[in-house]
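Text of the file query14.cif, holding mmCIF, C-alpha atoms and all ligand atoms:
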data_work
loop_
_atom_site.group_PDB
_atom_site.id
_atom_site.type_symbol
_atom_site.label_atom_id
_atom_site.label_comp_id
_atom_site.auth_asym_id
_atom_site.auth_seq_id
_atom_site.Cartn_x
_atom_site.Cartn_y
_atom_site.Cartn_z
ATOM 1 C CA MET T 17 -15.366 -28.635 -5.526
ATOM 2 C CA VAL T 18 -18.053 -26.229 -6.727
ATOM 3 C CA GLY T 19 -19.157 -22.980 -5.117
ATOM 4 C CA ARG T 20 -18.412 -19.291 -5.065
ATOM 5 C CA LEU T 21 -15.038 -19.902 -3.370
ATOM 6 C CA ALA T 22 -14.280 -23.286 -4.957
ATOM 7 C CA ASP T 23 -10.808 -24.513 -3.905
ATOM 8 C CA GLU T 24 -9.801 -21.070 -2.629
ATOM 9 C CA VAL T 25 -7.895 -20.829 0.637
ATOM 10 C CA ALA T 26 -9.605 -18.492 3.102
ATOM 11 C CA VAL T 27 -8.119 -17.340 6.405
ATOM 12 C CA VAL T 28 -10.781 -16.130 8.856
ATOM 13 C CA THR T 29 -9.818 -14.362 12.083
ATOM 14 C CA GLY T 30 -12.283 -14.342 14.954
ATOM 15 C CA ALA T 31 -13.572 -17.642 13.523
ATOM 16 C CA GLY T 32 -14.438 -19.012 16.963
ATOM 17 C CA SER T 33 -17.683 -17.071 17.405
ATOM 18 C CA GLY T 34 -20.338 -14.852 15.868
ATOM 19 C CA ILE T 35 -19.755 -13.357 12.399
ATOM 20 C CA GLY T 36 -16.372 -15.084 11.965
ATOM 21 C CA ARG T 37 -17.750 -18.510 12.808
ATOM 22 C CA ARG T 38 -20.673 -18.126 10.417
ATOM 23 C CA ALA T 39 -18.274 -16.858 7.711
ATOM 24 C CA ALA T 40 -15.936 -19.836 8.180
ATOM 25 C CA GLU T 41 -18.891 -22.213 7.839
ATOM 26 C CA ARG T 42 -20.353 -20.401 4.818
ATOM 27 C CA PHE T 43 -16.995 -20.038 3.030
ATOM 28 C CA ALA T 44 -16.445 -23.796 3.510
ATOM 29 C CA ALA T 45 -19.927 -24.521 2.149
ATOM 30 C CA GLU T 46 -18.927 -22.434 -0.907
ATOM 31 C CA GLY T 47 -15.935 -24.710 -1.520
ATOM 32 C CA ALA T 48 -13.187 -22.838 0.344
ATOM 33 C CA LEU T 49 -10.399 -24.504 2.303
ATOM 34 C CA VAL T 50 -10.695 -22.578 5.546
ATOM 35 C CA VAL T 51 -8.095 -21.590 8.122
ATOM 36 C CA CYS T 52 -9.986 -20.840 11.354
ATOM 37 C CA ALA T 53 -7.956 -18.430 13.493
ATOM 38 C CA ASP T 54 -8.987 -17.275 16.954
ATOM 39 C CA LEU T 55 -7.787 -16.992 20.532
ATOM 40 C CA ARG T 56 -10.335 -19.658 21.429
ATOM 41 C CA GLY T 57 -12.902 -21.897 19.756
ATOM 42 C CA ALA T 58 -11.117 -22.325 16.405
ATOM 43 C CA ASP T 59 -10.671 -26.094 16.933
ATOM 44 C CA GLU T 60 -14.358 -26.631 17.476
ATOM 45 C CA VAL T 61 -15.358 -24.668 14.361
ATOM 46 C CA ALA T 62 -12.773 -26.404 12.144
ATOM 47 C CA GLY T 63 -13.920 -29.754 13.569
ATOM 48 C CA ALA T 64 -17.563 -28.961 12.741
ATOM 49 C CA ILE T 65 -16.648 -27.929 9.176
ATOM 50 C CA ASN T 66 -14.640 -31.123 8.618
ATOM 51 C CA ALA T 67 -17.425 -33.257 10.120
ATOM 52 C CA ASP T 68 -19.799 -31.615 7.653
ATOM 53 C CA GLY T 69 -17.687 -32.660 4.649
ATOM 54 C CA GLY T 70 -15.753 -29.384 4.291
ATOM 55 C CA ARG T 71 -12.033 -28.784 4.725
ATOM 56 C CA ALA T 72 -10.660 -26.630 7.534
ATOM 57 C CA VAL T 73 -7.736 -26.322 9.922
ATOM 58 C CA ALA T 74 -7.580 -24.427 13.201
ATOM 59 C CA VAL T 75 -4.785 -22.101 14.290
ATOM 60 C CA ALA T 76 -4.765 -20.654 17.798
ATOM 61 C CA THR T 77 -3.991 -17.005 16.995
ATOM 62 C CA ASP T 78 -3.754 -13.761 18.915
ATOM 63 C CA VAL T 79 -4.071 -11.122 16.192
ATOM 64 C CA THR T 80 -2.198 -8.580 18.340
ATOM 65 C CA SER T 81 0.970 -10.686 18.073
ATOM 66 C CA ILE T 82 3.421 -10.372 15.159
ATOM 67 C CA ALA T 83 4.647 -13.945 15.692
ATOM 68 C CA ALA T 84 1.112 -15.357 15.929
ATOM 69 C CA THR T 85 -0.137 -13.632 12.763
ATOM 70 C CA GLU T 86 2.972 -14.721 10.857
ATOM 71 C CA GLY T 87 2.358 -18.233 12.245
ATOM 72 C CA MET T 88 -1.261 -18.052 11.024
ATOM 73 C CA ALA T 89 -0.133 -17.296 7.460
ATOM 74 C CA ALA T 90 2.549 -20.005 7.640
ATOM 75 C CA ALA T 91 -0.058 -22.529 8.848
ATOM 76 C CA ALA T 92 -2.309 -21.649 5.895
ATOM 77 C CA LEU T 93 0.564 -22.194 3.448
ATOM 78 C CA ASP T 94 1.561 -25.440 5.193
ATOM 79 C CA ALA T 95 -1.957 -26.821 5.066
ATOM 80 C CA PHE T 96 -3.124 -25.617 1.660
ATOM 81 C CA GLY T 97 -0.196 -24.016 -0.249
ATOM 82 C CA ARG T 98 -1.715 -20.580 -0.996
ATOM 83 C CA ILE T 99 -3.848 -17.792 0.505
ATOM 84 C CA ASP T 100 -6.678 -16.375 -1.603
ATOM 85 C CA VAL T 101 -8.878 -14.692 1.001
ATOM 86 C CA LEU T 102 -8.291 -13.003 4.344
ATOM 87 C CA PHE T 103 -11.373 -12.124 6.384
ATOM 88 C CA ALA T 104 -9.794 -9.922 9.080
ATOM 89 C CA ASN T 105 -12.699 -9.967 11.465
ATOM 90 C CA ALA T 106 -11.485 -10.552 15.047
ATOM 91 C CA GLY T 107 -12.614 -7.767 17.346
ATOM 92 C CA ILE T 108 -13.644 -6.794 20.852
ATOM 93 C CA PRO T 109 -16.056 -4.218 22.305
ATOM 94 C CA GLY T 110 -14.648 -0.793 23.161
ATOM 95 C CA ILE T 111 -16.843 1.037 25.605
ATOM 96 C CA GLY T 112 -16.103 4.488 27.033
ATOM 97 C CA SER T 113 -16.251 8.205 26.331
ATOM 98 C CA THR T 114 -13.357 10.164 24.846
ATOM 99 C CA ALA T 115 -12.683 11.957 28.139
ATOM 100 C CA GLY T 116 -13.428 8.992 30.382
ATOM 101 C CA THR T 117 -11.653 6.047 28.773
ATOM 102 C CA ASP T 118 -8.746 4.557 30.671
ATOM 103 C CA PRO T 119 -5.596 4.708 28.469
ATOM 104 C CA ALA T 120 -4.934 0.996 29.006
ATOM 105 C CA ASP T 121 -8.445 0.156 27.772
ATOM 106 C CA TRP T 122 -7.914 2.433 24.749
ATOM 107 C CA ASP T 123 -4.661 0.636 23.895
ATOM 108 C CA ARG T 124 -6.269 -2.806 24.215
ATOM 109 C CA VAL T 125 -9.144 -1.938 21.860
ATOM 110 C CA ILE T 126 -6.863 -0.348 19.241
ATOM 111 C CA SER T 127 -4.459 -3.240 19.548
ATOM 112 C CA VAL T 128 -7.075 -5.939 18.774
ATOM 113 C CA ASN T 129 -9.433 -4.067 16.430
ATOM 114 C CA LEU T 130 -6.950 -2.020 14.385
ATOM 115 C CA THR T 131 -3.405 -3.326 14.902
ATOM 116 C CA GLY T 132 -4.801 -6.880 14.712
ATOM 117 C CA VAL T 133 -6.260 -6.193 11.257
ATOM 118 C CA TRP T 134 -3.006 -4.589 10.122
ATOM 119 C CA LEU T 135 -0.856 -7.499 11.392
ATOM 120 C CA SER T 136 -3.185 -10.025 9.732
ATOM 121 C CA MET T 137 -2.935 -8.134 6.419
ATOM 122 C CA ARG T 138 0.825 -7.753 6.795
ATOM 123 C CA ALA T 139 1.186 -11.518 7.261
ATOM 124 C CA VAL T 140 -0.716 -12.518 4.090
ATOM 125 C CA ILE T 141 0.061 -9.704 1.624
ATOM 126 C CA PRO T 142 3.493 -10.996 0.493
ATOM 127 C CA THR T 143 1.884 -14.328 -0.485
ATOM 128 C CA MET T 144 -1.043 -12.653 -2.275
ATOM 129 C CA VAL T 145 1.263 -10.251 -4.141
ATOM 130 C CA ALA T 146 3.503 -13.164 -5.213
ATOM 131 C CA GLN T 147 0.388 -15.033 -6.439
ATOM 132 C CA GLY T 148 -0.828 -11.908 -8.251
ATOM 133 C CA SER T 149 -4.263 -12.320 -6.681
ATOM 134 C CA GLY T 150 -6.116 -12.191 -3.380
ATOM 135 C CA SER T 151 -9.049 -10.601 -1.626
ATOM 136 C CA ILE T 152 -8.902 -9.053 1.836
ATOM 137 C CA VAL T 153 -12.118 -8.164 3.657
ATOM 138 C CA ALA T 154 -11.964 -6.464 7.048
ATOM 139 C CA THR T 155 -14.796 -5.972 9.529
ATOM 140 C CA ALA T 156 -15.305 -2.324 10.447
ATOM 141 C CA SER T 157 -18.660 -1.123 11.905
ATOM 142 C CA THR T 158 -21.410 1.452 11.517
ATOM 143 C CA ALA T 159 -19.746 2.950 14.590
ATOM 144 C CA ALA T 160 -16.949 4.138 12.266
ATOM 145 C CA ILE T 161 -19.422 6.170 10.221
ATOM 146 C CA LYS T 162 -22.109 7.375 12.656
ATOM 147 C CA GLY T 163 -21.368 9.263 15.874
ATOM 148 C CA ILE T 164 -22.536 6.878 18.606
ATOM 149 C CA ARG T 165 -22.276 7.922 22.252
ATOM 150 C CA GLY T 166 -20.203 5.859 24.680
ATOM 151 C CA ILE T 167 -17.992 3.802 22.369
ATOM 152 C CA ALA T 168 -15.162 6.193 21.452
ATOM 153 C CA PRO T 169 -12.326 3.601 21.437
ATOM 154 C CA TYR T 170 -14.398 1.209 19.344
ATOM 155 C CA ALA T 171 -15.425 3.936 16.852
ATOM 156 C CA ALA T 172 -11.824 5.084 16.474
ATOM 157 C CA SER T 173 -10.535 1.543 15.958
ATOM 158 C CA LYS T 174 -13.146 0.804 13.291
ATOM 159 C CA ALA T 175 -12.632 4.125 11.461
ATOM 160 C CA GLY T 176 -8.946 3.179 11.433
ATOM 161 C CA VAL T 177 -9.841 -0.121 9.757
ATOM 162 C CA ILE T 178 -11.620 1.752 6.938
ATOM 163 C CA GLY T 179 -8.629 4.065 6.410
ATOM 164 C CA LEU T 180 -6.229 1.107 6.476
ATOM 165 C CA CYS T 181 -8.301 -0.764 3.870
ATOM 166 C CA ARG T 182 -8.320 2.236 1.520
ATOM 167 C CA ALA T 183 -4.570 2.815 1.875
ATOM 168 C CA THR T 184 -3.799 -0.880 1.383
ATOM 169 C CA ALA T 185 -6.133 -1.170 -1.621
ATOM 170 C CA VAL T 186 -4.150 1.549 -3.399
ATOM 171 C CA GLU T 187 -0.866 -0.091 -2.408
ATOM 172 C CA VAL T 188 -1.638 -3.645 -3.571
ATOM 173 C CA GLY T 189 -4.095 -2.945 -6.425
ATOM 174 C CA PRO T 190 -1.379 -3.113 -9.106
ATOM 175 C CA SER T 191 -0.577 -6.659 -7.886
ATOM 176 C CA GLY T 192 -4.138 -7.884 -8.387
ATOM 177 C CA VAL T 193 -4.996 -7.903 -4.685
ATOM 178 C CA ARG T 194 -8.285 -6.301 -3.547
ATOM 179 C CA VAL T 195 -9.036 -4.853 -0.096
ATOM 180 C CA ASN T 196 -12.490 -3.890 1.150
ATOM 181 C CA ALA T 197 -14.267 -3.270 4.434
ATOM 182 C CA ILE T 198 -17.737 -4.174 5.631
ATOM 183 C CA ALA T 199 -19.456 -1.942 8.157
ATOM 184 C CA PRO T 200 -22.176 -3.967 9.881
ATOM 185 C CA GLY T 201 -24.860 -2.536 12.105
ATOM 186 C CA THR T 202 -26.001 -4.413 15.157
ATOM 187 C CA THR T 203 -26.092 -8.174 14.658
ATOM 188 C CA PRO T 204 -26.796 -10.146 17.824
ATOM 189 C CA THR T 205 -23.600 -11.925 18.972
ATOM 190 C CA PRO T 206 -21.806 -12.235 22.335
ATOM 191 C CA LEU T 207 -19.936 -8.977 21.513
ATOM 192 C CA VAL T 208 -23.224 -7.087 21.159
ATOM 193 C CA THR T 209 -24.895 -8.383 24.305
ATOM 194 C CA GLU T 210 -21.696 -7.670 26.238
ATOM 195 C CA THR T 211 -21.602 -4.097 24.866
ATOM 196 C CA PHE T 212 -25.240 -3.383 25.725
ATOM 197 C CA ALA T 213 -25.003 -5.050 29.130
ATOM 198 C CA SER T 214 -22.043 -2.784 29.981
ATOM 199 C CA MET T 215 -23.694 0.345 28.582
ATOM 200 C CA VAL T 216 -26.841 0.017 30.705
ATOM 201 C CA GLY T 217 -24.515 0.152 33.691
ATOM 202 C CA GLY T 218 -24.917 -1.052 37.252
ATOM 203 C CA GLY T 219 -23.190 -4.316 36.362
ATOM 204 C CA GLY T 220 -25.888 -5.092 33.788
ATOM 205 C CA ARG T 221 -25.782 -8.705 32.641
ATOM 206 C CA ALA T 222 -26.450 -9.972 29.154
ATOM 207 C CA ASP T 223 -29.694 -11.637 30.268
ATOM 208 C CA ASP T 224 -31.143 -8.925 32.513
ATOM 209 C CA GLU T 225 -34.240 -6.849 31.900
ATOM 210 C CA ARG T 226 -32.386 -3.537 31.309
ATOM 211 C CA THR T 227 -30.153 -5.100 28.661
ATOM 212 C CA ALA T 228 -33.199 -6.554 26.873
ATOM 213 C CA ARG T 229 -34.950 -3.140 26.948
ATOM 214 C CA ALA T 230 -31.840 -1.365 25.627
ATOM 215 C CA LEU T 231 -31.585 -3.882 22.777
ATOM 216 C CA GLU T 232 -35.270 -3.384 21.928
ATOM 217 C CA ARG T 233 -34.888 0.442 21.904
ATOM 218 C CA GLU T 234 -31.838 0.117 19.690
ATOM 219 C CA GLN T 235 -33.744 -1.886 17.070
ATOM 220 C CA GLN T 236 -36.251 0.966 16.730
ATOM 221 C CA ARG T 237 -33.442 3.322 15.599
ATOM 222 C CA TYR T 238 -33.001 1.233 12.449
ATOM 223 C CA PRO T 239 -34.963 2.250 9.334
ATOM 224 C CA MET T 240 -35.724 -1.462 8.902
ATOM 225 C CA ARG T 241 -36.715 -1.665 12.614
ATOM 226 C CA ARG T 242 -34.670 -4.762 13.270
ATOM 227 C CA PHE T 243 -31.138 -5.994 13.795
ATOM 228 C CA GLY T 244 -29.304 -7.955 11.107
ATOM 229 C CA SER T 245 -28.608 -11.674 11.085
ATOM 230 C CA LEU T 246 -25.226 -13.345 10.854
ATOM 231 C CA ASP T 247 -26.172 -14.694 7.426
ATOM 232 C CA GLU T 248 -27.031 -11.201 6.140
ATOM 233 C CA VAL T 249 -23.624 -9.852 7.191
ATOM 234 C CA VAL T 250 -21.690 -12.869 5.945
ATOM 235 C CA ALA T 251 -23.437 -12.670 2.537
ATOM 236 C CA VAL T 252 -21.733 -9.318 1.898
ATOM 237 C CA ALA T 253 -18.351 -10.542 3.175
ATOM 238 C CA LEU T 254 -18.697 -13.543 0.817
ATOM 239 C CA PHE T 255 -19.484 -11.275 -2.146
ATOM 240 C CA LEU T 256 -16.393 -9.157 -1.440
ATOM 241 C CA ALA T 257 -14.212 -12.236 -0.844
ATOM 242 C CA SER T 258 -15.277 -13.880 -4.104
ATOM 243 C CA ASP T 259 -14.503 -13.032 -7.734
ATOM 244 C CA GLU T 260 -18.061 -11.697 -8.117
ATOM 245 C CA SER T 261 -16.648 -8.395 -6.796
ATOM 246 C CA SER T 262 -13.596 -8.537 -9.079
ATOM 247 C CA TRP T 263 -13.611 -4.776 -9.802
ATOM 248 C CA VAL T 264 -14.415 -3.651 -6.257
ATOM 249 C CA THR T 265 -11.532 -2.444 -4.120
ATOM 250 C CA GLY T 266 -10.963 0.267 -1.525
ATOM 251 C CA ALA T 267 -14.705 0.230 -0.781
ATOM 252 C CA THR T 268 -16.668 0.134 2.458
ATOM 253 C CA TYR T 269 -19.971 -1.714 2.253
ATOM 254 C CA THR T 270 -22.482 -0.857 4.954
ATOM 255 C CA VAL T 271 -24.668 -3.800 6.004
ATOM 256 C CA ASP T 272 -26.892 -2.078 8.504
ATOM 257 C CA GLY T 273 -30.600 -2.038 7.672
ATOM 258 C CA GLY T 274 -30.210 1.596 6.592
ATOM 259 C CA LEU T 275 -28.810 2.998 9.867
ATOM 260 C CA GLY T 276 -25.917 4.744 8.110
ATOM 261 C CA ALA T 277 -28.358 6.486 5.782
ATOM 262 C CA ALA T 278 -30.659 7.712 8.541
HETATM 263 N N1 LIG O 301 -22.072 -8.124 16.041
HETATM 264 C C1 LIG O 301 -22.224 -6.858 15.658
HETATM 265 O O1 LIG O 301 -23.269 -6.236 15.807
HETATM 266 C C2 LIG O 301 -21.073 -6.157 14.987
HETATM 267 C C3 LIG O 301 -21.343 -4.936 14.354
HETATM 268 C C4 LIG O 301 -20.291 -4.281 13.718
HETATM 269 C C5 LIG O 301 -19.031 -4.835 13.726
HETATM 270 N N2 LIG O 301 -18.810 -6.014 14.379
HETATM 271 C C6 LIG O 301 -17.462 -6.567 14.348
HETATM 272 O O2 LIG O 301 -17.548 -7.881 13.850
HETATM 273 C C7 LIG O 301 -16.410 -8.620 14.297
HETATM 274 C C8 LIG O 301 -16.878 -9.936 14.881
HETATM 275 O O3 LIG O 301 -17.630 -9.650 16.045
HETATM 276 P P1 LIG O 301 -18.807 -10.582 16.576
HETATM 277 O O4 LIG O 301 -19.958 -9.705 16.792
HETATM 278 O O5 LIG O 301 -18.917 -11.786 15.755
HETATM 279 O O6 LIG O 301 -18.220 -10.896 18.044
HETATM 280 P P2 LIG O 301 -17.856 -12.238 18.810
HETATM 281 O O7 LIG O 301 -17.453 -11.811 20.158
HETATM 282 O O8 LIG O 301 -18.957 -13.236 18.644
HETATM 283 O O9 LIG O 301 -16.587 -12.782 17.992
HETATM 284 C C9 LIG O 301 -15.347 -12.119 18.030
HETATM 285 C C10 LIG O 301 -14.251 -13.180 17.983
HETATM 286 O O10 LIG O 301 -12.986 -12.506 17.938
HETATM 287 C C11 LIG O 301 -12.093 -13.247 18.762
HETATM 288 N N3 LIG O 301 -10.981 -12.418 19.240
HETATM 289 C C12 LIG O 301 -11.029 -11.405 20.148
HETATM 290 N N4 LIG O 301 -9.788 -10.943 20.374
HETATM 291 C C13 LIG O 301 -8.953 -11.674 19.592
HETATM 292 C C14 LIG O 301 -7.547 -11.680 19.394
HETATM 293 N N5 LIG O 301 -6.737 -10.837 20.061
HETATM 294 N N6 LIG O 301 -7.028 -12.573 18.520
HETATM 295 C C15 LIG O 301 -7.822 -13.443 17.858
HETATM 296 N N7 LIG O 301 -9.162 -13.490 18.000
HETATM 297 C C16 LIG O 301 -9.711 -12.618 18.870
HETATM 298 C C17 LIG O 301 -12.942 -13.705 19.940
HETATM 299 O O11 LIG O 301 -12.318 -14.801 20.624
HETATM 300 C C18 LIG O 301 -14.244 -14.080 19.238
HETATM 301 O O12 LIG O 301 -14.272 -15.446 18.867
HETATM 302 C C19 LIG O 301 -15.689 -7.712 15.285
HETATM 303 O O13 LIG O 301 -14.615 -7.071 14.633
HETATM 304 C C20 LIG O 301 -16.760 -6.707 15.666
HETATM 305 O O14 LIG O 301 -16.208 -5.504 16.122
HETATM 306 C C21 LIG O 301 -19.806 -6.689 15.010
#
Go through the file and emit its structure as structure tokens.
Ligand SMILES: NC(=O)c1ccc[n+]([C@@H]2O[C@H](COP(=O)([O-])OP(=O)(O)OC[C@H]3O[C@@H](n4cnc5c(N)ncnc54)[C@H](O)[C@@H]3O)[C@@H](O)[C@H]2O)c1
Amino acid sequence: MVGRLADEVAVVTGAGSGIGRRAAERFAAEGALVVCADLRGADEVAGAINADGGRAVAVATDVTSIAATEGMAAAALDAFGRIDVLFANAGIPGIGSTAGTDPADWDRVISVNLTGVWLSMRAVIPTMVAQGSGSIVATASTAAIKGIRGIAPYAASKAGVIGLCRATAVEVGPSGVRVNAIAPGTTPTPLVTETFASMVGGGGRADDERTARALEREQQRYPMRRFGSLDEVVAVALFLASDESSWVTGATYTVDGGLGAA
């Protein structure tokens, strides 16, 4: 196999849709043996990769579960014998103000977006440390860096991901394992349309006029005056996953058309 991840074993969470799906496909095209982990849709993505001449397995995984994340790592070892890359990417929207968020909603967002990243890391780190190598990339968000109204639980969960990556990078660096975060700006996926549809209120749907207008206004806030594409986000995740970034750890890479700088 040739490619930037030739014969490396890559576990991707949230592989059933959006950024995770595109990453699973791209990593496979770069020679990786991919473990597609998601609550739903992982089978279809792994099937598409295999049909395309790549190698992938699917593992139904809830990243909030200790047993499921340990099962995900065990499935990777069963299928391919090692774990070189973890792309801890599964996430959900987290809409609400600090004063107005229901505590149960807060817990759900933190549990998927932050605890889910931690449990995924926790499940693969012993293998990576024993190998003396590995690269972990976690998906944070511009929302962790910029103050954005109306998404307090989401912002807190993603800022937590950045802190967790830094702390873990220091912990596992001596073992040859790297840990970095990406902080994407808005990249159209189901998660984004759902977030904007909810924020425009009145039961806004993904395909209604108000949602479309809100998305258009949002693009104008970007210095580059447009949203990103899945390929543009995945390109940075691939760089951090691969040996091309061999001296990069504890870093957060913004991939946001300049929004964080504005
Ligand atoms: N799209 C954007 O603009 C954007 C911007 C910044 C950060 N992000 C982050 O990127 C990541 C991917 O989001 P996306 O935009 O591709 O969204 P998406 O909704 O297309 O994909 C998210 C995937 O995560 C899976 N998932 C949700 N809860 C899970 C759980 N408990 N266990 C396992 N899998 C679970 C979903 O089933 C889904 O397949 C998320 O962490 C999101 O917060 C997205």
Assuming 6 Å of padding per side, give the centre and edge lengths of the axis-aligned box around every listed atom of ligand LIG 301 (chain O), in Å to one decimal and as lines of an AutoDock Vina configuration file.
center_x = -15.0
center_y = -9.9
center_z = 17.2
size_x = 28.5
size_y = 23.2
size_z = 18.9
Query - Nearest to ligand LIG 301 (chain O), chosen from T:Ile82, T:Ala106, T:Ala72, T:Met137, with all atoms listed in the file counted in the distances - result: T:Ala106
Report task. Counting only C-alpha atoms and all ligand atoms, name the residues that have an atom within 7 Å of an atom of ligand LIG 301 (chain O); the answer should be given as a VMD selection string. Result -> chain T and resid 29 to 36 53 to 57 77 to 80 105 to 109 128 to 129 132 155 to 158 199 to 208
Report task. Work out how far atom CA of Gly148 of chain T is from atom CA of Val193 of chain T, in Å to one decimal. Result ->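 According to the coordinates, atom CA of Val193 of chain T and atom CA of Gly148 of chain T are separated by 6.8 Å.
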Report task. For Ala171 of chain T, list every protein, DNA or RNA residue within 12 Å, evaluated using only C-alpha atoms, and leave out those in the same chain fewer than 5 positions away; present the list as a count of residues only. Result -> 27
Requested in this report: Check the smallest atom-to-atom distance from each of T:Gln235, T:Ser191, T:Thr211, T:Thr117 to Gln147 of chain T using all atoms listed in the file, then report the winner.
Outcome: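 Counting all atoms listed in the file, the residue closest to Gln147 of chain T is T:Ser191.
Of the residues listed (T:Val133, T:Ile141, T:Leu102, T:Leu275), T:Leu102 shows the shortest atom-to-atom separation from Val153 of chain T; distances use only C-alpha atoms.
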Query raised in the report: Between atom CA of Ala48 of chain T and atom CA of Val75 of chain T, what is the distance, to one decimal in Å?
Result: 16.3 Å
